[in-house]
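Asker: Enclosed is the structure file target_26.tsv (TSV, C-alpha atoms).
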chain	number	residue	atom	x	y	z
A	189	MET	CA	-23.92	8.63	41.64
A	190	LYS	CA	-26.61	10.88	43.14
A	191	ASN	CA	-29.99	11.47	41.45
A	192	ILE	CA	-29.43	14.53	39.34
A	193	LYS	CA	-32.10	17.19	39.25
A	194	ASN	CA	-29.88	20.19	38.67
A	195	ILE	CA	-26.75	20.52	36.62
A	196	LYS	CA	-23.66	21.82	38.35
A	197	MET	CA	-21.04	23.36	36.13
A	198	ASP	CA	-17.55	24.15	37.34
A	199	PHE	CA	-15.41	26.57	35.38
A	200	VAL	CA	-11.83	25.84	36.29
A	201	SER	CA	-8.81	27.84	35.26
A	202	ALA	CA	-6.23	25.79	33.35
A	203	THR	CA	-3.59	27.02	35.80
A	204	ILE	CA	-5.22	24.91	38.55
A	205	LEU	CA	-4.86	21.84	36.34
A	206	ASP	CA	-1.36	22.87	35.22
A	207	ASP	CA	-0.23	22.72	38.85
A	208	LYS	CA	-1.01	19.00	38.97
A	209	PRO	CA	0.99	16.13	37.45
A	210	LYS	CA	-0.77	14.20	34.67
A	211	GLU	CA	-2.29	11.44	36.84
A	212	LYS	CA	-3.61	13.88	39.44
A	213	ARG	CA	-4.99	16.11	36.71
A	214	ILE	CA	-7.01	13.23	35.26
A	215	ASN	CA	-8.10	12.15	38.75
A	216	PHE	CA	-9.26	15.68	39.52
A	217	ILE	CA	-11.35	15.78	36.33
A	218	LEU	CA	-12.89	12.34	36.75
A	219	ASN	CA	-13.69	12.78	40.45
A	220	LYS	CA	-15.68	15.90	39.62
A	221	VAL	CA	-17.42	14.38	36.60
A	222	LYS	CA	-18.29	11.15	38.41
A	223	ASP	CA	-19.91	13.31	41.07
A	224	GLY	CA	-22.22	14.78	38.41
A	225	THR	CA	-20.37	18.01	37.60
A	226	ILE	CA	-19.79	19.39	34.12
A	227	LEU	CA	-16.28	20.73	34.05
A	228	VAL	CA	-15.22	23.53	31.73
A	229	THR	CA	-11.64	24.66	31.55
A	230	ASP	CA	-9.74	27.23	29.52
A	231	GLY	CA	-7.21	24.69	28.33
A	232	VAL	CA	-6.92	21.63	26.13
A	233	LEU	CA	-5.44	18.31	27.17
A	234	LYS	CA	-2.64	16.87	25.06
A	235	PRO	CA	-3.50	13.88	22.82
A	236	ASP	CA	-1.83	11.36	25.17
A	237	GLU	CA	-3.66	12.89	28.15
A	238	GLU	CA	-6.98	12.67	26.29
A	239	MET	CA	-6.31	8.98	25.63
A	240	GLU	CA	-5.33	8.49	29.27
A	241	LEU	CA	-8.59	10.18	30.27
A	242	ILE	CA	-10.53	7.68	28.13
A	243	ARG	CA	-8.57	4.75	29.57
A	244	GLU	CA	-9.08	5.91	33.17
A	245	THR	CA	-12.78	6.54	32.47
A	246	MET	CA	-13.17	2.96	31.25
A	247	ARG	CA	-11.57	1.72	34.49
A	248	ARG	CA	-14.19	3.63	36.49
A	249	VAL	CA	-17.30	2.73	34.48
A	250	ASP	CA	-19.97	1.10	36.65
A	251	ASP	CA	-23.78	0.83	36.74
A	252	GLY	CA	-24.20	4.43	37.90
A	253	PHE	CA	-21.38	5.93	35.87
A	254	PRO	CA	-21.48	4.93	32.19
A	255	GLY	CA	-18.67	7.29	31.24
A	256	ILE	CA	-18.07	10.80	29.98
A	257	GLU	CA	-18.75	13.12	27.09
A	258	VAL	CA	-15.92	15.40	26.15
A	259	ALA	CA	-15.35	18.13	23.61
A	260	SER	CA	-12.52	20.54	23.13
A	261	LEU	CA	-11.68	23.50	20.97
A	262	LYS	CA	-8.03	24.09	20.39
A	263	ARG	CA	-6.91	27.56	19.55
A	264	GLN	CA	-4.82	27.36	16.40
A	265	SER	CA	-1.70	29.40	17.01
A	266	LYS	CA	-0.08	31.24	14.16
A	267	GLY	CA	3.31	32.77	13.49
A	268	ALA	CA	5.69	33.24	16.41
A	269	LEU	CA	3.24	31.79	18.95
A	270	ALA	CA	3.02	28.53	16.97
A	271	LEU	CA	6.83	28.34	16.94
A	272	ILE	CA	7.01	28.91	20.70
A	273	GLU	CA	4.43	26.16	21.30
A	274	LYS	CA	6.32	23.77	19.03
A	275	PHE	CA	9.53	24.50	20.95
A	276	SER	CA	7.67	24.00	24.23
A	277	ASP	CA	6.37	20.60	23.00
A	278	GLN	CA	9.90	19.48	22.15
A	279	LYS	CA	11.20	20.69	25.51
A	280	GLU	CA	8.52	18.68	27.33
A	281	ARG	CA	9.31	15.58	25.26
A	282	VAL	CA	13.00	15.84	26.18
A	283	GLN	CA	12.09	16.37	29.86
A	284	THR	CA	9.83	13.28	29.81
A	285	LEU	CA	12.56	11.24	28.11
A	286	ILE	CA	15.16	12.30	30.68
A	287	ALA	CA	12.70	11.63	33.52
A	288	GLY	CA	12.07	8.16	32.08
A	289	LEU	CA	15.79	7.40	31.77
A	290	THR	CA	16.61	8.64	35.26
A	291	GLY	CA	13.54	7.06	36.86
A	292	LYS	CA	12.37	10.39	38.23
A	293	VAL	CA	8.73	11.50	38.22
A	294	PRO	CA	8.06	13.32	34.91
A	295	GLU	CA	7.76	17.06	35.03
A	296	LYS	CA	4.33	18.63	34.89
A	297	THR	CA	3.13	19.61	31.44
A	298	SER	CA	1.07	22.65	30.56
A	299	MET	CA	-2.30	22.50	28.89
A	300	ARG	CA	-2.68	24.04	25.46
A	301	THR	CA	-4.73	27.18	24.89
A	302	GLY	CA	-8.35	26.41	24.14
A	303	LEU	CA	-11.53	25.24	25.78
A	304	THR	CA	-12.54	21.81	27.10
A	305	LEU	CA	-15.87	20.55	28.38
A	306	ILE	CA	-16.06	17.21	30.16
A	307	GLY	CA	-19.29	15.93	31.68
A	308	PRO	CA	-21.12	12.79	32.75
A	309	ALA	CA	-22.53	10.76	29.84
A	310	ARG	CA	-25.52	9.93	32.04
A	311	PHE	CA	-27.13	13.25	31.21
A	312	ILE	CA	-25.04	14.73	28.41
A	313	LYS	CA	-26.67	12.91	25.51
A	314	LYS	CA	-24.84	14.43	22.60
A	315	ILE	CA	-22.16	16.95	21.72
A	316	LYS	CA	-22.43	18.39	18.24
A	317	LYS	CA	-19.04	19.62	17.21
A	318	ASN	CA	-18.08	22.07	14.49
A	319	PRO	CA	-14.53	23.16	13.74
A	320	ASP	CA	-14.94	26.38	15.76
A	321	SER	CA	-17.78	25.63	18.16
A	322	PHE	CA	-19.76	22.87	19.83
A	323	SER	CA	-23.27	22.42	21.24
A	324	VAL	CA	-24.12	20.28	24.25
A	325	PHE	CA	-27.45	18.44	24.47
A	326	THR	CA	-28.53	17.25	27.92
A	327	GLU	CA	-31.36	15.11	29.24
A	328	LEU	CA	-32.25	15.07	32.91
M	553	MET	CA	21.35	-12.33	8.25
M	554	VAL	CA	18.07	-11.33	9.93
M	555	LYS	CA	19.52	-7.94	10.80
M	556	PHE	CA	20.71	-7.51	7.23
M	557	LEU	CA	17.20	-8.28	5.93
M	558	ASP	CA	15.66	-5.85	8.41
M	559	TRP	CA	18.16	-3.23	7.23
M	560	LEU	CA	17.27	-3.99	3.63
M	561	TYR	CA	13.56	-3.66	4.32
M	562	ALA	CA	14.18	-0.42	6.23
M	563	LEU	CA	16.25	0.87	3.32
M	564	PHE	CA	13.24	0.56	1.04
M	565	GLY	CA	10.92	2.00	3.64
M	566	MET	CA	9.40	-1.42	4.33
M	567	LYS	CA	9.03	-3.53	7.44
M	568	LYS	CA	9.15	-7.28	7.32
M	569	ASN	CA	5.88	-7.80	9.16
M	570	VAL	CA	3.62	-4.78	9.33
M	571	ARG	CA	1.25	-4.66	12.29
M	572	LEU	CA	-1.82	-3.03	10.81
M	573	GLY	CA	-4.19	-1.80	13.53
M	574	ILE	CA	-7.82	-1.19	12.65
M	575	TYR	CA	-9.12	1.51	14.96
M	576	GLY	CA	-12.23	3.65	15.26
M	577	SER	CA	-15.43	4.28	17.18
M	578	VAL	CA	-18.03	1.62	17.85
M	579	ASN	CA	-20.07	0.21	14.92
M	580	VAL	CA	-18.17	2.02	12.17
M	581	GLY	CA	-17.42	-1.27	10.38
M	582	LYS	CA	-13.92	-2.15	11.61
M	583	THR	CA	-14.52	-5.92	11.64
M	584	THR	CA	-16.24	-5.75	8.23
M	585	ILE	CA	-13.08	-4.10	6.83
M	586	ALA	CA	-10.85	-6.62	8.63
M	587	ASN	CA	-12.94	-9.50	7.28
M	588	ARG	CA	-12.81	-8.08	3.75
M	589	ILE	CA	-9.00	-7.77	3.83
M	590	SER	CA	-8.50	-11.18	5.42
M	591	LYS	CA	-10.98	-12.97	3.16
M	592	ASP	CA	-9.48	-11.41	0.01
M	593	TRP	CA	-5.96	-12.63	0.85
M	594	THR	CA	-6.44	-15.73	3.02
M	595	GLY	CA	-10.02	-16.85	2.36
M	596	GLU	CA	-10.82	-16.65	6.08
M	597	GLU	CA	-12.67	-14.08	8.18
M	598	VAL	CA	-11.31	-12.43	11.33
M	599	GLY	CA	-14.42	-12.02	13.46
M	600	LYS	CA	-18.16	-11.82	13.82
M	601	VAL	CA	-20.11	-8.72	12.80
M	602	SER	CA	-23.22	-7.59	14.70
M	603	LYS	CA	-25.61	-4.66	14.93
M	604	ILE	CA	-25.25	-4.77	18.70
M	605	PRO	CA	-22.54	-2.31	19.74
M	606	HIS	CA	-19.25	-3.64	21.11
M	607	GLU	CA	-19.42	-7.00	19.34
M	608	THR	CA	-15.61	-6.92	19.17
M	609	ARG	CA	-14.45	-6.80	22.78
M	610	PHE	CA	-11.04	-8.43	22.38
M	611	VAL	CA	-8.25	-7.70	19.92
M	612	GLN	CA	-8.78	-10.06	16.97
M	613	LYS	CA	-5.66	-11.04	15.07
M	614	LYS	CA	-4.95	-12.51	11.68
M	615	GLU	CA	-1.27	-13.03	11.11
M	616	LYS	CA	0.88	-13.43	8.00
M	617	ILE	CA	-1.45	-11.97	5.42
M	618	GLU	CA	0.54	-11.50	2.22
M	619	LEU	CA	-0.86	-8.45	0.47
M	620	LYS	CA	0.30	-7.77	-3.07
M	621	HIS	CA	-0.14	-4.55	-4.97
M	622	LYS	CA	1.57	-4.12	-8.34
M	623	ASN	CA	5.16	-5.17	-7.68
M	624	LYS	CA	4.99	-4.63	-3.91
M	625	LYS	CA	4.52	-7.41	-1.37
M	626	ILE	CA	3.68	-6.75	2.26
M	627	MET	CA	3.34	-9.24	5.08
M	628	LEU	CA	0.55	-7.99	7.35
M	629	ASN	CA	-0.40	-8.88	10.88
M	630	LEU	CA	-3.96	-7.62	11.00
M	631	LEU	CA	-5.22	-6.37	14.36
M	632	ASP	CA	-8.95	-5.69	14.58
M	633	MET	CA	-9.44	-3.54	17.66
M	634	PRO	CA	-12.44	-3.16	19.95
M	635	GLY	CA	-14.28	0.10	19.26
M	636	LEU	CA	-13.05	3.14	21.17
M	637	ALA	CA	-15.60	4.90	23.35
M	638	THR	CA	-15.84	7.42	26.18
M	639	LYS	CA	-19.02	5.79	27.54
M	640	ILE	CA	-20.38	2.26	27.82
M	641	ASP	CA	-23.82	1.87	29.36
M	642	TYR	CA	-25.08	-1.69	29.85
M	643	ARG	CA	-28.67	-0.35	29.53
M	644	GLU	CA	-28.01	0.33	25.82
M	645	PHE	CA	-27.56	-3.42	25.24
M	646	LEU	CA	-30.93	-4.24	26.82
M	647	LYS	CA	-32.63	-2.68	23.76
M	648	TYR	CA	-31.33	-5.61	21.72
M	649	GLY	CA	-33.10	-8.19	23.88
M	650	ILE	CA	-30.04	-9.16	25.91
M	651	SER	CA	-30.58	-10.16	29.55
M	652	LYS	CA	-29.47	-7.69	32.24
M	653	ARG	CA	-26.75	-10.05	33.41
M	654	ALA	CA	-25.40	-10.60	29.88
M	655	ALA	CA	-25.59	-6.84	29.20
M	656	LYS	CA	-23.52	-6.06	32.30
M	657	GLN	CA	-20.98	-8.71	31.33
M	658	ARG	CA	-20.82	-7.28	27.80
M	659	ALA	CA	-20.27	-3.77	29.21
M	660	LYS	CA	-17.46	-5.04	31.47
M	661	GLU	CA	-15.74	-6.79	28.56
M	662	ALA	CA	-16.23	-3.73	26.36
M	663	THR	CA	-14.53	-1.40	28.85
M	664	ASP	CA	-11.61	-3.85	29.10
M	665	GLY	CA	-11.55	-3.95	25.30
M	666	VAL	CA	-11.15	-0.17	25.04
M	667	ILE	CA	-8.28	-0.29	27.53
M	668	GLU	CA	-6.62	-3.08	25.54
M	669	ALA	CA	-7.04	-1.21	22.24
M	670	ILE	CA	-5.40	1.89	23.74
M	671	LYS	CA	-2.54	-0.25	25.06
M	672	TRP	CA	-1.93	-1.64	21.56
M	673	LEU	CA	-1.37	1.88	20.19
M	674	SER	CA	2.29	1.58	21.15
M	675	ASN	CA	2.55	-1.69	19.23
M	676	VAL	CA	1.18	-0.98	15.76
M	677	ASP	CA	3.10	0.15	12.67
M	678	THR	CA	0.26	1.53	10.59
M	679	VAL	CA	-3.35	2.34	11.43
M	680	LEU	CA	-6.57	2.26	9.45
M	681	ALA	CA	-8.77	4.83	11.19
M	682	VAL	CA	-12.24	3.67	10.18
M	683	MET	CA	-15.07	6.21	10.15
M	684	ASP	CA	-18.73	5.75	9.29
M	685	ALA	CA	-19.38	8.02	6.29
M	686	THR	CA	-23.06	8.37	7.29
M	687	GLN	CA	-22.11	9.94	10.64
M	688	ASP	CA	-20.58	13.25	11.70
M	689	PRO	CA	-16.80	12.67	11.63
M	690	LEU	CA	-15.95	15.45	14.10
M	691	THR	CA	-16.20	13.27	17.20
M	692	GLN	CA	-13.84	13.48	20.14
M	693	ILE	CA	-12.85	9.83	19.60
M	694	ASN	CA	-11.72	10.51	16.02
M	695	ILE	CA	-9.91	13.69	17.04
M	696	THR	CA	-8.19	12.01	20.01
M	697	LEU	CA	-7.23	8.95	17.95
M	698	LEU	CA	-5.70	10.98	15.11
M	699	GLY	CA	-3.94	13.30	17.58
M	700	ASN	CA	-2.33	10.33	19.31
M	701	LEU	CA	-1.24	8.69	16.05
M	702	GLU	CA	0.27	11.97	14.91
M	703	ALA	CA	2.12	12.41	18.21
M	704	ARG	CA	3.47	8.84	17.92
M	705	LYS	CA	4.32	9.34	14.23
M	706	ILE	CA	2.32	6.28	13.21
M	707	PRO	CA	1.20	6.37	9.55
M	708	VAL	CA	-2.57	6.54	9.32
M	709	ILE	CA	-5.06	5.99	6.52
M	710	ILE	CA	-8.61	7.19	7.13
M	711	VAL	CA	-11.14	4.69	5.80
M	712	ALA	CA	-14.46	6.39	5.00
M	713	ASN	CA	-16.64	3.29	5.27
M	714	LYS	CA	-20.28	2.55	4.39
M	715	ILE	CA	-20.29	4.58	1.16
M	716	ASP	CA	-22.94	2.18	-0.17
M	717	LYS	CA	-25.47	3.84	2.16
M	718	LYS	CA	-27.64	6.64	0.76
M	719	LYS	CA	-26.83	8.96	3.67
M	720	ALA	CA	-23.06	8.59	3.18
M	721	LYS	CA	-21.11	11.84	2.93
M	722	PRO	CA	-17.45	10.84	2.61
M	723	GLN	CA	-16.56	14.38	1.56
M	724	ALA	CA	-17.41	15.49	5.13
M	725	ILE	CA	-14.58	13.25	6.37
M	726	ARG	CA	-12.17	14.73	3.82
M	727	ASP	CA	-13.23	18.24	4.86
M	728	ALA	CA	-12.84	17.45	8.58
M	729	PHE	CA	-9.37	15.90	8.26
M	730	PRO	CA	-7.75	17.37	5.12
M	731	GLN	CA	-4.20	16.52	6.25
M	732	TYR	CA	-4.75	12.72	6.07
M	733	PRO	CA	-5.11	10.28	3.16
M	734	VAL	CA	-8.76	9.20	2.90
M	735	VAL	CA	-10.04	6.13	1.05
M	736	GLU	CA	-13.78	5.87	0.44
M	737	VAL	CA	-14.93	2.25	0.65
M	738	SER	CA	-17.78	-0.07	1.35
M	739	GLY	CA	-16.38	-2.91	3.42
M	740	LEU	CA	-19.68	-4.72	3.01
M	741	LYS	CA	-19.81	-4.58	-0.81
M	742	GLY	CA	-16.08	-4.37	-1.44
M	743	THR	CA	-16.34	-1.04	-3.31
M	744	ASN	CA	-12.93	0.66	-3.83
M	745	ILE	CA	-11.17	-2.04	-1.82
M	746	ASP	CA	-8.29	-2.05	-4.35
M	747	LYS	CA	-7.73	1.62	-3.56
M	748	LEU	CA	-7.43	0.66	0.10
M	749	TYR	CA	-4.79	-1.97	-0.78
M	750	GLU	CA	-2.94	0.64	-2.84
M	751	HIS	CA	-2.87	2.95	0.19
M	752	ILE	CA	-1.82	0.17	2.58
M	753	ALA	CA	1.05	-0.70	0.21
M	754	LYS	CA	2.02	2.97	-0.02
M	755	TYR	CA	1.87	3.90	3.67
M	756	SER	CA	2.56	0.65	5.56
M	757	GLY	CA	5.85	0.25	7.26
M	758	ARG	CA	7.02	3.78	6.73
M	759	ALA	CA	9.48	4.57	9.45
M	760	ARG	CA	7.99	6.19	12.55
Turn the structure described in the file into structure tokens.

Answerer:
Amino acid sequence: MKNIKNIKMDFVSATILDDKPKEKRINFILNKVKDGTILVTDGVLKPDEEMELIRETMRRVDDGFPGIEVASLKRQSKGALALIEKFSDQKERVQTLIAGLTGKVPEKTSMRTGLTLIGPARFIKKIKKNPDSFSVFTEL
Amino acid sequence: MVKFLDWLYALFGMKKNVRLGIYGSVNVGKTTIANRISKDWTGEEVGKVSKIPHETRFVQKKEKIELKHKNKKIMLNLLDMPGLATKIDYREFLKYGISKRAAKQRAKEATDGVIEAIKWLSNVDTVLAVMDATQDPLTQINITLLGNLEARKIPVIIVANKIDKKKAKPQAIRDAFPQYPVVEVSGLKGTNIDKLYEHIAKYSGRAR
């Protein structure tokens, strides 16, 4: 990892991440973060993707890269939108199940509406999270 | 006969052997809770406790713990997991007087431990999500852990640990995660441990 004097922040549209399958999506995020970039996206990873992100981070931890700090804010959908999202979740589960049974590569899944910040733990020292906001504390 | 027994257990919402996973962030008191449960029912401890983070770097098991609560009996396989983390920096361990070489080895084992703990998520029946009541509960680790358990339909009991400490605010955990059962305990002193057993008896082995 390079010596960091300035912070680079990339704001990436969730549609760019949506276009990638799960593994490539996590690779994309970690490659950027390991290079010293703070990544902000207008989408929220699914719980299993968040866990996969942690697992993949652990695989990449070395002397220069101690890991990541991550925080997300999920937009709580109400009414009809919540129903549509629930239906979409079920549809994706069925697609994944079918893909697993047929041995085909699982379909891409969409990120949920919200906000995610992922950055290198080397200089993000703390993220203070509240239900509707979060603050990022850095140290260069 | 075995199938019939399994069916019978399932009928009453019980599993024959419940794999109880103890999960949570680093240094929240998972092994202290595991030791308390194991010592109460078997007289033996599960693992060593330390102030140095990532003392538990391998999954520690204690099998065939027979837990009794009122007229209910549960056979537990206790699984004390390494602490979940998004970062592990060997330099943190140097503060505790560990040599650089030992610190790097500890960090390597700790990262493997996190990976192993995540792998075990697909192999547990019930989870105790341990949180330190003196710390802010709204961490990404807690949120990610609970989200995964919910998606996998694994019953979860939040254990608000360290309530013996002056700074403890277990209500903050209840406020952060109102949809989950929360038991306030001190694993160290044994405070409210019967309430924890009551919850384990109530929630363990419920069908996924």

Asker: Between M:Thr608, M:Ser602, M:Thr584, M:Thr663, which is the closest to chain A once you count only C-alpha atoms?

Answerer: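 Of M:Thr608, M:Ser602, M:Thr584, M:Thr663, the one nearest chain A is M:Thr663, counting only C-alpha atoms.
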
Asker: Just give me the gap between atom CA of Ile617 of chain M and atom CA of Tyr749 of chain M in Å, one decimal is fine.

Answerer: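 Between atom CA of Ile617 of chain M and atom CA of Tyr749 of chain M the gap works out to 12.2 Å.
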
Asker: With all atoms listed in the file as the counted atoms, please give the residues lying no more than 10 Å from Ile217 of chain A, apart from itself and same-chain residues fewer than 3 positions off, as a list in words.

Answerer: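 With the cut-off at 10 Å, the set is Leu205, Lys212, Arg213, Ile214, Lys220, Val221, Lys222, Thr225, Ile226, Leu227, Val228, Leu241, Ile306 and Gly307 of chain A.
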
Asker: For a quick test of understanding: name the residues of chain M lying within 8 Å of chain A when counting all atoms listed in the file, and present them as number ranges by chain.

Answerer: M: 637-642, 663-664, 666-667, 670, 690-692, 696-697, 699-700, 703, 728

Asker: Do you know which residues are at most 7 Å from Val598 of chain M counting all atoms listed in the file, after dropping those on the same chain fewer than 2 positions away, and could you put them as a PyMOL selection string?

Answerer: chain M and resi 586-587+590+596+612-614

Asker: May I ask for the distance between atom CA of Met633 of chain M and atom CA of Arg704 of chain M, given in Å to one decimal place?

Answerer: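 Distance between the two atoms: 17.9 Å.
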
Asker: Atom CA of Gly581 of chain M and atom CA of Lys714 of chain M are how many Å apart?

Answerer: 7.7 Å

Asker: Can you rebuild segment 230-252 of chain A with N, CA and C atoms and give it as a tab-separated table (two decimals), keeping the file's coordinate frame?

Answerer:
chain	number	residue	atom	x	y	z
A	230	ASP	N	-10.31	26.43	30.62
A	230	ASP	CA	-9.74	27.23	29.52
A	230	ASP	C	-8.41	26.63	29.08
A	231	GLY	N	-8.42	25.37	28.80
A	231	GLY	CA	-7.21	24.69	28.33
A	231	GLY	C	-7.59	23.39	27.65
A	232	VAL	N	-6.67	22.86	26.87
A	232	VAL	CA	-6.92	21.63	26.13
A	232	VAL	C	-5.89	20.58	26.54
A	233	LEU	N	-6.37	19.38	26.82
A	233	LEU	CA	-5.44	18.31	27.17
A	233	LEU	C	-4.62	17.93	25.94
A	234	LYS	N	-3.44	17.37	26.17
A	234	LYS	CA	-2.64	16.87	25.06
A	234	LYS	C	-3.22	15.55	24.59
A	235	PRO	N	-2.92	15.13	23.34
A	235	PRO	CA	-3.50	13.88	22.82
A	235	PRO	C	-3.29	12.69	23.75
A	236	ASP	N	-2.08	12.53	24.30
A	236	ASP	CA	-1.83	11.36	25.17
A	236	ASP	C	-2.62	11.46	26.47
A	237	GLU	N	-2.86	12.71	26.93
A	237	GLU	CA	-3.66	12.89	28.15
A	237	GLU	C	-5.14	12.60	27.87
A	238	GLU	N	-5.59	12.97	26.66
A	238	GLU	CA	-6.98	12.67	26.29
A	238	GLU	C	-7.19	11.16	26.26
A	239	MET	N	-6.20	10.44	25.71
A	239	MET	CA	-6.31	8.98	25.63
A	239	MET	C	-6.25	8.37	27.03
A	240	GLU	N	-5.42	8.96	27.88
A	240	GLU	CA	-5.33	8.49	29.27
A	240	GLU	C	-6.64	8.75	30.01
A	241	LEU	N	-7.28	9.87	29.68
A	241	LEU	CA	-8.59	10.18	30.27
A	241	LEU	C	-9.62	9.12	29.87
A	242	ILE	N	-9.59	8.72	28.60
A	242	ILE	CA	-10.53	7.68	28.13
A	242	ILE	C	-10.24	6.36	28.85
A	243	ARG	N	-8.94	6.02	28.93
A	243	ARG	CA	-8.57	4.75	29.57
A	243	ARG	C	-9.00	4.73	31.04
A	244	GLU	N	-8.74	5.84	31.74
A	244	GLU	CA	-9.08	5.91	33.17
A	244	GLU	C	-10.60	5.92	33.36
A	245	THR	N	-11.31	6.55	32.42
A	245	THR	CA	-12.78	6.54	32.47
A	245	THR	C	-13.29	5.11	32.38
A	246	MET	N	-12.73	4.35	31.44
A	246	MET	CA	-13.17	2.96	31.25
A	246	MET	C	-12.95	2.14	32.53
A	247	ARG	N	-11.86	2.45	33.23
A	247	ARG	CA	-11.57	1.72	34.49
A	247	ARG	C	-12.64	2.01	35.54
A	248	ARG	N	-13.25	3.21	35.44
A	248	ARG	CA	-14.19	3.63	36.49
A	248	ARG	C	-15.66	3.41	36.12
A	249	VAL	N	-15.90	2.93	34.90
A	249	VAL	CA	-17.30	2.73	34.48
A	249	VAL	C	-17.97	1.70	35.40
A	250	ASP	N	-19.16	2.06	35.89
A	250	ASP	CA	-19.97	1.10	36.65
A	250	ASP	C	-21.44	1.36	36.34
A	251	ASP	N	-22.35	0.70	37.06
A	251	ASP	CA	-23.78	0.83	36.74
A	251	ASP	C	-24.27	2.28	36.80
A	252	GLY	N	-23.74	3.06	37.73
A	252	GLY	CA	-24.20	4.43	37.90
A	252	GLY	C	-23.39	5.44	37.12
